[in-house]
$ cat model-v4.cif   # mmCIF, C-alpha atoms and all ligand atoms
data_protein
#
loop_
_atom_site.label_atom_id
_atom_site.label_comp_id
_atom_site.auth_asym_id
_atom_site.auth_seq_id
_atom_site.Cartn_x
_atom_site.Cartn_y
_atom_site.Cartn_z
CA MET A 1 -43.66 -76.27 -27.92
CA SER A 2 -45.09 -73.12 -29.46
CA LEU A 3 -43.18 -71.20 -32.06
CA GLU A 4 -42.88 -68.32 -29.68
CA GLU A 5 -41.35 -70.50 -26.97
CA ASP A 6 -39.08 -72.04 -29.50
CA TYR A 7 -37.85 -68.65 -30.54
CA ARG A 8 -37.32 -67.56 -26.93
CA ASN A 9 -35.22 -70.65 -26.21
CA LEU A 10 -33.16 -70.08 -29.29
CA LYS A 11 -32.58 -66.48 -28.36
CA GLN A 12 -31.57 -67.42 -24.81
CA SER A 13 -29.11 -70.01 -25.96
CA ALA A 14 -27.62 -67.59 -28.45
CA GLU A 15 -27.22 -65.01 -25.69
CA ALA A 16 -25.70 -67.57 -23.40
CA LYS A 17 -23.20 -68.45 -26.11
CA ILE A 18 -22.21 -64.86 -26.65
CA ASN A 19 -21.84 -64.25 -22.91
CA GLY A 20 -19.86 -67.43 -22.57
CA GLU A 21 -17.46 -66.35 -25.26
CA ALA A 22 -17.08 -62.94 -23.75
CA GLU A 23 -16.29 -64.53 -20.41
CA ASN A 24 -13.80 -66.88 -21.93
CA ASN A 25 -12.12 -63.98 -23.59
CA ILE A 26 -11.84 -62.19 -20.31
CA SER A 27 -10.20 -65.14 -18.64
CA ARG A 28 -7.91 -65.95 -21.58
CA ASN A 29 -6.77 -62.39 -21.94
CA ARG A 30 -6.62 -61.89 -18.28
CA PHE A 31 -4.33 -64.69 -17.23
CA SER A 32 -2.30 -64.33 -20.41
CA SER A 33 -1.78 -60.64 -20.06
CA LEU A 34 -0.54 -61.22 -16.51
CA LEU A 35 1.52 -64.34 -16.94
CA VAL A 36 2.72 -64.57 -20.53
CA SER A 37 5.86 -62.71 -21.59
CA LYS A 38 6.94 -61.84 -25.10
CA ASP A 39 9.00 -65.00 -25.44
CA ARG A 40 7.14 -67.35 -23.08
CA ASN A 41 3.55 -68.60 -23.03
CA PHE A 42 4.08 -71.36 -20.48
CA LEU A 43 4.60 -71.94 -16.77
CA LEU A 44 6.67 -74.66 -15.10
CA SER A 45 4.97 -77.69 -13.57
CA PRO A 46 6.41 -79.30 -10.41
CA ASP A 47 8.60 -81.65 -12.48
CA GLY A 48 9.82 -78.81 -14.70
CA THR A 49 7.66 -79.54 -17.78
CA LYS A 50 6.00 -76.65 -19.58
CA VAL A 51 2.30 -75.96 -19.07
CA GLU A 52 0.59 -73.41 -21.30
CA VAL A 53 -0.87 -70.41 -19.51
CA SER A 54 -4.12 -70.97 -21.42
CA GLU A 55 -4.66 -74.08 -19.29
CA LEU A 56 -5.52 -71.82 -16.37
CA GLU A 57 -8.71 -70.87 -18.14
CA GLY A 58 -11.83 -71.32 -16.01
CA LYS A 59 -9.83 -71.81 -12.81
CA VAL A 60 -9.57 -69.78 -9.66
CA VAL A 61 -5.92 -68.77 -9.63
CA GLY A 62 -3.76 -67.80 -6.66
CA LEU A 63 -0.57 -65.86 -7.36
CA TYR A 64 1.78 -66.90 -4.58
CA PHE A 65 4.60 -64.46 -3.80
CA SER A 66 7.03 -66.25 -1.56
CA ALA A 67 10.67 -67.10 -0.83
CA ASN A 68 12.46 -70.07 0.62
CA TRP A 69 14.70 -68.06 2.97
CA TYR A 70 11.85 -66.54 4.98
CA PRO A 71 10.33 -68.78 7.71
CA PRO A 72 6.79 -67.27 7.61
CA CYS A 73 6.75 -68.18 3.90
CA ARG A 74 7.81 -71.73 4.58
CA ASN A 75 5.06 -72.04 7.22
CA PHE A 76 2.42 -70.73 4.89
CA THR A 77 3.62 -72.88 1.98
CA GLN A 78 2.65 -75.97 3.97
CA ILE A 79 -0.80 -74.51 4.72
CA LEU A 80 -1.25 -73.73 1.03
CA ILE A 81 -0.09 -77.20 -0.06
CA ASP A 82 -2.66 -78.83 2.24
CA ALA A 83 -5.43 -76.55 0.96
CA TYR A 84 -4.39 -77.05 -2.67
CA GLU A 85 -4.33 -80.82 -2.41
CA HIS A 86 -7.62 -80.93 -0.54
CA LEU A 87 -9.38 -78.67 -3.06
CA ASN A 88 -8.03 -80.43 -6.12
CA SER A 89 -8.81 -83.91 -4.83
CA ASN A 90 -12.37 -82.66 -4.34
CA GLY A 91 -12.68 -81.51 -7.93
CA CYS A 92 -12.34 -77.77 -7.25
CA ASN A 93 -10.75 -75.81 -10.08
CA PHE A 94 -7.99 -74.13 -8.11
CA GLU A 95 -4.48 -73.43 -9.39
CA VAL A 96 -1.56 -71.64 -7.81
CA VAL A 97 1.26 -69.86 -9.60
CA PHE A 98 4.47 -69.34 -7.63
CA VAL A 99 6.09 -65.93 -8.04
CA SER A 100 9.52 -66.39 -6.51
CA SER A 101 11.58 -63.92 -4.50
CA ASP A 102 14.30 -66.50 -3.98
CA GLU A 103 17.91 -65.40 -4.09
CA ASP A 104 19.18 -67.73 -6.80
CA LEU A 105 18.11 -70.45 -9.16
CA ASN A 106 19.20 -73.18 -6.78
CA ALA A 107 17.07 -71.87 -3.93
CA PHE A 108 14.18 -71.46 -6.34
CA ASN A 109 14.49 -75.04 -7.59
CA ASN A 110 14.68 -76.46 -4.09
CA TYR A 111 11.65 -74.49 -2.94
CA ARG A 112 9.67 -75.26 -6.08
CA ALA A 113 10.30 -78.98 -5.65
CA LEU A 114 8.06 -78.86 -2.57
CA MET A 115 5.20 -77.22 -4.44
CA PRO A 116 2.54 -79.19 -6.30
CA TRP A 117 1.54 -76.20 -8.44
CA LEU A 118 2.93 -74.10 -11.32
CA SER A 119 5.70 -71.50 -11.28
CA ILE A 120 6.88 -68.58 -13.32
CA PRO A 121 10.44 -69.44 -14.50
CA PHE A 122 13.04 -67.95 -12.18
CA SER A 123 14.77 -66.12 -15.01
CA ASP A 124 11.68 -64.07 -15.90
CA LEU A 125 12.36 -61.12 -13.61
CA GLU A 126 10.32 -58.78 -15.73
CA THR A 127 7.01 -60.61 -15.28
CA LYS A 128 7.65 -60.96 -11.56
CA LYS A 129 8.32 -57.25 -11.21
CA ALA A 130 5.24 -56.38 -13.25
CA LEU A 131 3.07 -58.57 -11.00
CA ASP A 132 4.58 -57.02 -7.89
CA ARG A 133 3.70 -53.58 -9.18
CA LYS A 134 0.27 -54.49 -10.50
CA PHE A 135 -0.85 -56.01 -7.19
CA ASN A 136 1.09 -53.71 -4.90
CA VAL A 137 2.78 -56.57 -3.10
CA GLU A 138 4.28 -55.11 0.05
CA GLY A 139 5.48 -58.18 1.88
CA ILE A 140 5.72 -61.93 1.61
CA PRO A 141 4.11 -64.40 1.92
CA CYS A 142 1.37 -62.88 -0.22
CA LEU A 143 -1.43 -64.72 -2.01
CA ILE A 144 -3.47 -62.78 -4.57
CA ILE A 145 -6.57 -64.66 -5.69
CA LEU A 146 -8.05 -64.04 -9.13
CA GLN A 147 -11.50 -65.10 -10.28
CA PRO A 148 -11.82 -66.85 -13.66
CA LYS A 149 -14.83 -64.94 -14.88
CA ASP A 150 -14.54 -61.56 -13.32
CA ASN A 151 -11.60 -59.33 -14.08
CA LYS A 152 -12.76 -56.38 -12.02
CA ASP A 153 -10.38 -55.33 -9.29
CA GLU A 154 -13.09 -55.75 -6.64
CA ALA A 155 -13.24 -59.46 -7.41
CA THR A 156 -9.52 -59.91 -6.69
CA LEU A 157 -8.58 -60.86 -3.14
CA GLN A 158 -5.34 -59.37 -1.87
CA ASP A 159 -5.22 -61.11 1.49
CA GLY A 160 -5.32 -64.77 0.53
CA VAL A 161 -2.80 -65.58 3.28
CA GLU A 162 -4.99 -64.26 6.11
CA ILE A 163 -8.08 -65.78 4.53
CA LEU A 164 -6.55 -69.25 4.35
CA TYR A 165 -5.24 -69.01 7.91
CA ARG A 166 -8.65 -67.91 9.11
CA PHE A 167 -11.10 -69.99 7.12
CA GLY A 168 -9.03 -72.71 5.43
CA VAL A 169 -10.46 -74.49 2.39
CA GLN A 170 -13.96 -73.41 3.39
CA ALA A 171 -13.15 -70.07 1.78
CA PHE A 172 -13.13 -71.61 -1.72
CA PRO A 173 -13.96 -70.21 -4.32
CA PHE A 174 -12.57 -67.12 -2.55
CA THR A 175 -15.25 -64.74 -3.77
CA LYS A 176 -16.33 -61.72 -1.75
CA GLN A 177 -19.72 -63.34 -1.37
CA ARG A 178 -18.28 -66.53 0.09
CA LEU A 179 -16.23 -64.51 2.59
CA GLN A 180 -19.27 -62.56 3.69
CA GLU A 181 -21.11 -65.81 4.30
CA LEU A 182 -18.23 -67.16 6.37
CA GLU A 183 -17.96 -63.97 8.39
CA LEU A 184 -21.67 -64.09 9.13
CA GLN A 185 -21.40 -67.72 10.20
CA GLU A 186 -18.52 -66.83 12.47
CA ARG A 187 -20.43 -63.98 14.10
CA GLU A 188 -23.43 -66.21 14.65
CA LYS A 189 -21.19 -68.88 16.14
CA HIS A 190 -19.79 -66.41 18.66
CA GLU A 191 -23.25 -65.11 19.48
CA CYS A 192 -24.64 -68.54 20.24
CA GLN A 193 -21.42 -69.79 21.84
CA THR A 194 -22.02 -72.13 24.78
CA LEU A 195 -19.67 -74.30 26.75
CA THR A 196 -21.39 -77.40 25.43
CA ASN A 197 -21.15 -76.50 21.77
CA LEU A 198 -17.52 -75.42 22.24
CA LEU A 199 -16.30 -78.50 24.04
CA THR A 200 -18.38 -81.43 22.80
CA ILE A 201 -18.32 -83.13 19.42
CA ASN A 202 -20.47 -85.91 17.92
CA ASP A 203 -20.29 -88.77 20.39
CA ARG A 204 -17.89 -87.17 22.90
CA ASP A 205 -19.65 -85.19 25.63
CA TYR A 206 -16.97 -85.58 28.31
CA LEU A 207 -13.50 -84.31 29.20
CA PHE A 208 -10.63 -86.20 30.82
CA GLY A 209 -9.94 -85.77 34.51
CA HIS A 210 -7.53 -87.39 36.97
CA PRO A 211 -6.70 -90.13 37.37
CA ALA A 212 -6.82 -90.48 33.57
CA PRO A 213 -8.86 -91.69 31.80
CA LYS A 214 -11.58 -90.58 34.22
CA GLN A 215 -14.42 -89.01 32.22
CA VAL A 216 -16.07 -85.80 33.41
CA PRO A 217 -19.24 -84.67 31.60
CA VAL A 218 -18.90 -81.29 29.87
CA ASP A 219 -22.35 -80.45 31.25
CA SER A 220 -20.93 -80.46 34.78
CA LEU A 221 -19.00 -77.28 33.90
CA VAL A 222 -22.04 -75.32 32.77
CA GLY A 223 -22.48 -72.26 35.01
CA LYS A 224 -18.80 -72.11 35.98
CA THR A 225 -16.09 -69.70 34.96
CA VAL A 226 -13.88 -71.81 32.71
CA GLY A 227 -10.34 -71.21 31.47
CA LEU A 228 -9.28 -72.85 28.21
CA PHE A 229 -5.55 -73.41 28.49
CA PHE A 230 -3.88 -73.76 25.08
CA SER A 231 -0.40 -75.18 25.51
CA ALA A 232 1.93 -78.07 24.67
CA GLN A 233 4.87 -79.79 26.25
CA TRP A 234 7.19 -78.74 23.42
CA CYS A 235 6.38 -75.09 24.17
CA ARG A 236 8.89 -73.85 26.75
CA PRO A 237 6.97 -70.74 27.83
CA GLY A 238 3.91 -72.98 28.25
CA VAL A 239 5.75 -75.47 30.43
CA LYS A 240 7.20 -72.61 32.46
CA PHE A 241 3.84 -70.94 32.98
CA THR A 242 2.06 -74.17 33.98
CA PRO A 243 3.24 -74.55 37.61
CA LYS A 244 2.35 -70.92 38.21
CA LEU A 245 -1.13 -71.48 36.82
CA VAL A 246 -1.46 -74.63 38.94
CA SER A 247 -0.67 -72.75 42.14
CA ILE A 248 -3.10 -69.96 41.24
CA TYR A 249 -5.75 -72.49 40.28
CA HIS A 250 -5.50 -74.03 43.76
CA LYS A 251 -5.66 -70.60 45.39
CA ILE A 252 -8.79 -69.65 43.43
CA LYS A 253 -10.40 -72.97 44.33
CA GLN A 254 -9.54 -72.34 47.99
CA MET A 255 -11.05 -68.85 47.84
CA LEU A 256 -14.26 -70.35 46.53
CA THR A 257 -14.69 -73.41 48.77
CA PRO A 258 -15.94 -71.67 51.95
CA ASN A 259 -19.37 -71.47 50.29
CA ALA A 260 -19.40 -75.04 49.12
CA ASN A 261 -21.97 -74.30 46.45
CA ASP A 262 -20.15 -71.71 44.45
CA GLU A 263 -16.97 -73.58 43.72
CA ASP A 264 -17.30 -72.49 40.14
CA PHE A 265 -13.91 -72.31 38.46
CA GLU A 266 -12.36 -74.89 36.19
CA ILE A 267 -9.59 -75.08 33.62
CA VAL A 268 -9.54 -77.25 30.51
CA PHE A 269 -6.23 -78.10 28.85
CA VAL A 270 -6.41 -77.75 25.06
CA SER A 271 -3.32 -79.61 23.91
CA SER A 272 -1.30 -79.13 20.77
CA ASP A 273 1.17 -81.81 21.81
CA CYS A 274 2.75 -83.90 19.07
CA ASP A 275 2.05 -87.31 20.53
CA GLN A 276 0.14 -89.14 23.24
CA PRO A 277 3.16 -89.66 25.59
CA GLY A 278 3.90 -85.92 25.44
CA PHE A 279 0.29 -85.14 26.24
CA ASP A 280 0.15 -87.70 29.05
CA SER A 281 3.25 -86.53 30.85
CA TYR A 282 2.30 -82.85 30.51
CA PHE A 283 -1.32 -83.40 31.57
CA ASN A 284 -0.02 -85.27 34.63
CA THR A 285 1.39 -81.98 35.93
CA MET A 286 -2.06 -80.35 35.78
CA PRO A 287 -4.82 -80.74 38.38
CA TRP A 288 -7.60 -79.77 35.99
CA LEU A 289 -9.43 -81.33 33.02
CA ALA A 290 -8.39 -81.84 29.40
CA LEU A 291 -9.78 -82.43 25.96
CA PRO A 292 -8.56 -85.79 24.65
CA PHE A 293 -5.25 -85.70 22.80
CA GLY A 294 -5.73 -85.06 19.06
CA ASP A 295 -9.44 -84.29 19.40
CA PRO A 296 -10.74 -82.31 16.38
CA THR A 297 -12.14 -79.75 18.84
CA VAL A 298 -8.58 -78.53 19.48
CA LYS A 299 -8.38 -77.25 15.91
CA SER A 300 -11.85 -75.74 15.90
CA LEU A 301 -11.24 -73.94 19.22
CA THR A 302 -7.91 -72.57 18.02
CA LYS A 303 -9.69 -71.17 14.99
CA HIS A 304 -12.78 -70.01 16.86
CA PHE A 305 -10.72 -67.96 19.32
CA ASP A 306 -8.09 -67.05 16.73
CA VAL A 307 -5.31 -68.27 19.02
CA GLN A 308 -2.09 -66.95 17.47
CA GLY A 309 0.41 -68.38 19.90
CA ILE A 310 0.70 -70.54 22.98
CA PRO A 311 0.48 -70.59 25.94
CA CYS A 312 -2.86 -68.83 25.85
CA LEU A 313 -5.59 -68.73 28.46
CA ILE A 314 -9.10 -67.88 27.26
CA ILE A 315 -11.66 -67.22 29.99
CA LEU A 316 -15.33 -68.09 29.50
CA GLY A 317 -18.02 -66.76 31.81
CA PRO A 318 -20.76 -68.82 33.52
CA ASP A 319 -22.97 -68.20 30.45
CA GLY A 320 -20.34 -69.72 28.14
CA LYS A 321 -19.49 -66.40 26.46
CA THR A 322 -15.91 -65.16 26.17
CA ILE A 323 -14.81 -62.88 29.01
CA THR A 324 -11.22 -62.33 27.91
CA LYS A 325 -8.51 -63.79 25.73
CA HIS A 326 -5.83 -62.33 28.02
CA GLY A 327 -6.17 -64.74 30.92
CA ARG A 328 -2.44 -65.38 30.91
CA SER A 329 -1.37 -61.80 31.32
CA LEU A 330 -4.10 -61.15 33.92
CA ILE A 331 -2.79 -64.12 35.93
CA ASN A 332 0.74 -62.71 35.65
CA LEU A 333 -0.36 -59.28 36.75
CA TYR A 334 -2.84 -60.06 39.49
CA GLN A 335 -2.42 -63.75 40.35
CA GLU A 336 -5.51 -65.28 42.02
CA ASN A 337 -7.01 -61.81 42.48
CA ALA A 338 -7.71 -61.72 38.75
CA TYR A 339 -10.64 -64.09 39.31
CA PRO A 340 -13.34 -63.90 37.86
CA PHE A 341 -11.46 -61.97 35.11
CA THR A 342 -14.40 -59.71 34.25
CA GLU A 343 -13.93 -56.19 32.91
CA ALA A 344 -15.29 -54.75 36.15
CA LYS A 345 -12.77 -56.77 38.17
CA VAL A 346 -9.89 -55.77 35.92
CA ASP A 347 -10.84 -52.08 36.14
CA LEU A 348 -10.87 -52.36 39.90
CA LEU A 349 -7.48 -54.07 39.97
CA GLU A 350 -5.99 -51.45 37.67
CA LYS A 351 -7.15 -48.69 39.98
CA GLN A 352 -5.78 -50.53 42.99
CA MET A 353 -2.48 -50.97 41.23
CA ASP A 354 -2.29 -47.27 40.38
CA GLU A 355 -3.05 -46.51 44.02
CA GLU A 356 -0.37 -48.90 45.29
CA ALA A 357 2.15 -47.60 42.79
CA LYS A 358 1.90 -44.18 44.45
CA ASN A 359 3.68 -45.69 47.44
CA LEU A 360 6.36 -47.44 45.43
CA PRO A 361 9.82 -45.88 45.33
CA ARG A 362 10.43 -43.93 42.08
CA SER A 363 13.57 -45.97 41.56
CA GLU A 364 14.94 -49.26 42.82
CA TYR A 365 17.99 -51.46 42.69
CA HIS A 366 17.13 -55.04 41.75
CA ALA A 367 19.31 -58.05 42.55
CA GLY A 368 19.09 -59.18 38.93
CA HIS A 369 20.45 -56.00 37.31
CA LYS A 370 23.47 -53.76 37.79
CA HIS A 371 21.82 -50.38 37.08
CA GLU A 372 19.22 -48.43 38.97
CA LEU A 373 15.69 -49.05 37.63
CA THR A 374 13.01 -46.39 37.23
CA LEU A 375 9.32 -46.87 37.93
CA VAL A 376 7.24 -46.36 34.78
CA CYS A 377 3.58 -46.78 33.88
CA GLN A 378 1.71 -46.80 30.58
CA GLU A 379 1.79 -43.02 30.33
CA THR A 380 5.47 -42.65 31.15
CA GLY A 381 7.02 -45.11 28.76
CA GLY A 382 5.83 -48.44 30.14
CA GLY A 383 3.83 -50.72 27.91
CA PRO A 384 3.50 -54.41 27.29
CA PHE A 385 6.80 -56.06 28.29
CA ILE A 386 8.37 -59.36 29.19
CA CYS A 387 9.63 -59.35 32.75
CA CYS A 388 13.36 -60.08 32.79
CA ASP A 389 13.04 -61.72 36.19
CA CYS A 390 10.09 -64.12 35.80
CA ASP A 391 10.05 -64.19 31.96
CA GLU A 392 6.31 -63.53 31.94
CA GLN A 393 4.23 -60.86 30.23
CA GLY A 394 3.51 -57.61 31.97
CA SER A 395 1.86 -54.31 31.17
CA GLY A 396 1.36 -51.02 32.94
CA TRP A 397 3.60 -50.51 35.98
CA ALA A 398 7.17 -51.71 35.71
CA TYR A 399 10.71 -51.00 36.84
CA GLN A 400 12.77 -50.22 33.80
CA CYS A 401 16.38 -49.64 32.80
CA LEU A 402 16.12 -47.59 29.64
CA ASP A 403 19.75 -48.13 28.67
CA CYS A 404 19.52 -51.91 28.66
CA GLY A 405 15.85 -52.38 27.89
CA TYR A 406 15.72 -54.30 31.19
CA GLU A 407 12.22 -54.41 32.68
CA VAL A 408 10.64 -56.21 35.64
CA HIS A 409 7.26 -56.41 37.37
CA PRO A 410 7.19 -54.32 40.56
CA LYS A 411 6.37 -57.56 42.43
CA CYS A 412 9.49 -59.21 41.03
CA ILE A 413 11.92 -56.68 42.51
CA ARG A 414 14.39 -58.43 44.81
CA ALA A 415 16.39 -56.22 47.10
CA VAL A 416 20.12 -56.03 46.49
CA ASP A 417 22.20 -57.26 49.37
CA PHE A 418 24.71 -54.37 49.50
CA GLY A 419 26.55 -56.01 52.41
CA SER A 420 27.57 -59.02 50.40
CA MET A 421 28.44 -56.81 47.45
CA LEU A 422 30.93 -54.89 49.56
CA GLU A 423 32.56 -58.07 50.80
CA LYS A 424 33.32 -59.21 47.22
ZN ZN A 501 8.09 -60.66 36.78
ZN ZN A 502 20.73 -51.41 32.73
#
$ encode --input "model-v4.cif" --output "structure tokens"
Amino acid sequence: MSLEEDYRNLKQSAEAKINGEAENNISRNRFSSLLVSKDRNFLLSPDGTKVEVSELEGKVVGLYFSANWYPPCRNFTQILIDAYEHLNSNGCNFEVVFVSSDEDLNAFNNYRALMPWLSIPFSDLETKKALDRKFNVEGIPCLIILQPKDNKDEATLQDGVEILYRFGVQAFPFTKQRLQELELQEREKHECQTLTNLLTINDRDYLFGHPAPKQVPVDSLVGKTVGLFFSAQWCRPGVKFTPKLVSIYHKIKQMLTPNANDEDFEIVFVSSDCDQPGFDSYFNTMPWLALPFGDPTVKSLTKHFDVQGIPCLIILGPDGKTITKHGRSLINLYQENAYPFTEAKVDLLEKQMDEEAKNLPRSEYHAGHKHELTLVCQETGGGPFICCDCDEQGSGWAYQCLDCGYEVHPKCIRAVDFGSMLEK
């Protein structure tokens, strides 16, 4: 090694040391200035022992604002526990600090007992308030994620809750760069989305048909319009919607059979049932295909399509690309006529509906409601609603009782039998 090289190495290592110290200072000061109070330099561990704030050094830290009494918090706490345990068992340096909005010490202690991470003591209101202010916390649950070596505001993530729901543990270490990568991956995945890559996994390239466990190759659906039906037997609206979807499924199939070759509609049940018997008995009521119960694809599809609630019907076109995520409400509005669910078809149906509505009476009495109902559309006070007669979603034209908030689909109006009313 030449003298010159030697010198360069020495200089580099000295620089690295200085930078390292500077970084350590940032993290030490940073977490301390946020989490230490004038008479406390520790946090509480799950069993109540004291852990010095300085132990957070070098870790990615999530400040978790939450409260026991609020169900969305309880839901997210479980998501965060799973992520936390997964990350820490894989050697990731991730810590969470609970910032409680619980009502009293008892509630705090009960909630904290569920959490494998650290907490700010319940009595330290001042620190909690200061954190609230500093990070502009507007609602709970809220997860603020701080980087160990970067104390700039841009490096802090405010929307840890959404990020974990959307990307899960993949988002670690929760840097802006990592999120950009994930967003790019997601875009690419949607761009190259095909039926085969959506519905197959490793060694499973089939779906279940009837009589179960008949196997139907996923490839046999390529070129068809396919509905992905997310539902579960424990979901009452899902169970209620199913027979309706079954009858419309048969009608669409019937419409298509005259030209034997273009029978090109299928539905695939994507189950979030809790157990195999639940899945079996529910799937028995459906004439279409299903992913196997508990298949990992269920989770990946839910995430891929960002399914927020069930029942949900996603429609894929013959090329495997998404046509609409609103299959359910299109079925409710237009029944079998909604097929093939394309934008052009929906535009046409909307125009037809506007045309038909011109001939509808401005007001109606409905057998299910005591007041007169007024016809409304989007522009005159209608909007997305739940039909009080069939309990299904609607939008656009509706008969409405403003006083009661009662609203029904025009097709659900049942005439009042005035004769029998008079007899009573
Ligand atoms: Zn209705
Ligand atoms: Zn009313």
$ atom_distance --input "model-v4.cif" --atom1 "atom CA of Glu85 of chain A" --atom2 "atom CA of Gly168 of chain A"
12.2 Å
$ atom_distance --input "model-v4.cif" --atom1 "atom CA of Lys411 of chain A" --atom2 "atom CA of Leu348 of chain A"
18.2 Å
$ closest_residue --input "model-v4.cif" --among "A:Leu375, A:Leu291, A:Val51, A:Leu301" --to "Lys214 of chain A" --atoms "all atoms listed in the file"
A:Leu291
$ closest_residue --input "model-v4.cif" --among "A:Val97, A:Ala367, A:Cys312, A:Val246" --to "Val61 of chain A" --atoms "all atoms listed in the file"
A:Val97
$ atom_distance --input "model-v4.cif" --atom1 "atom CA of Phe76 of chain A" --atom2 "atom CA of Leu164 of chain A"
9.1 Å
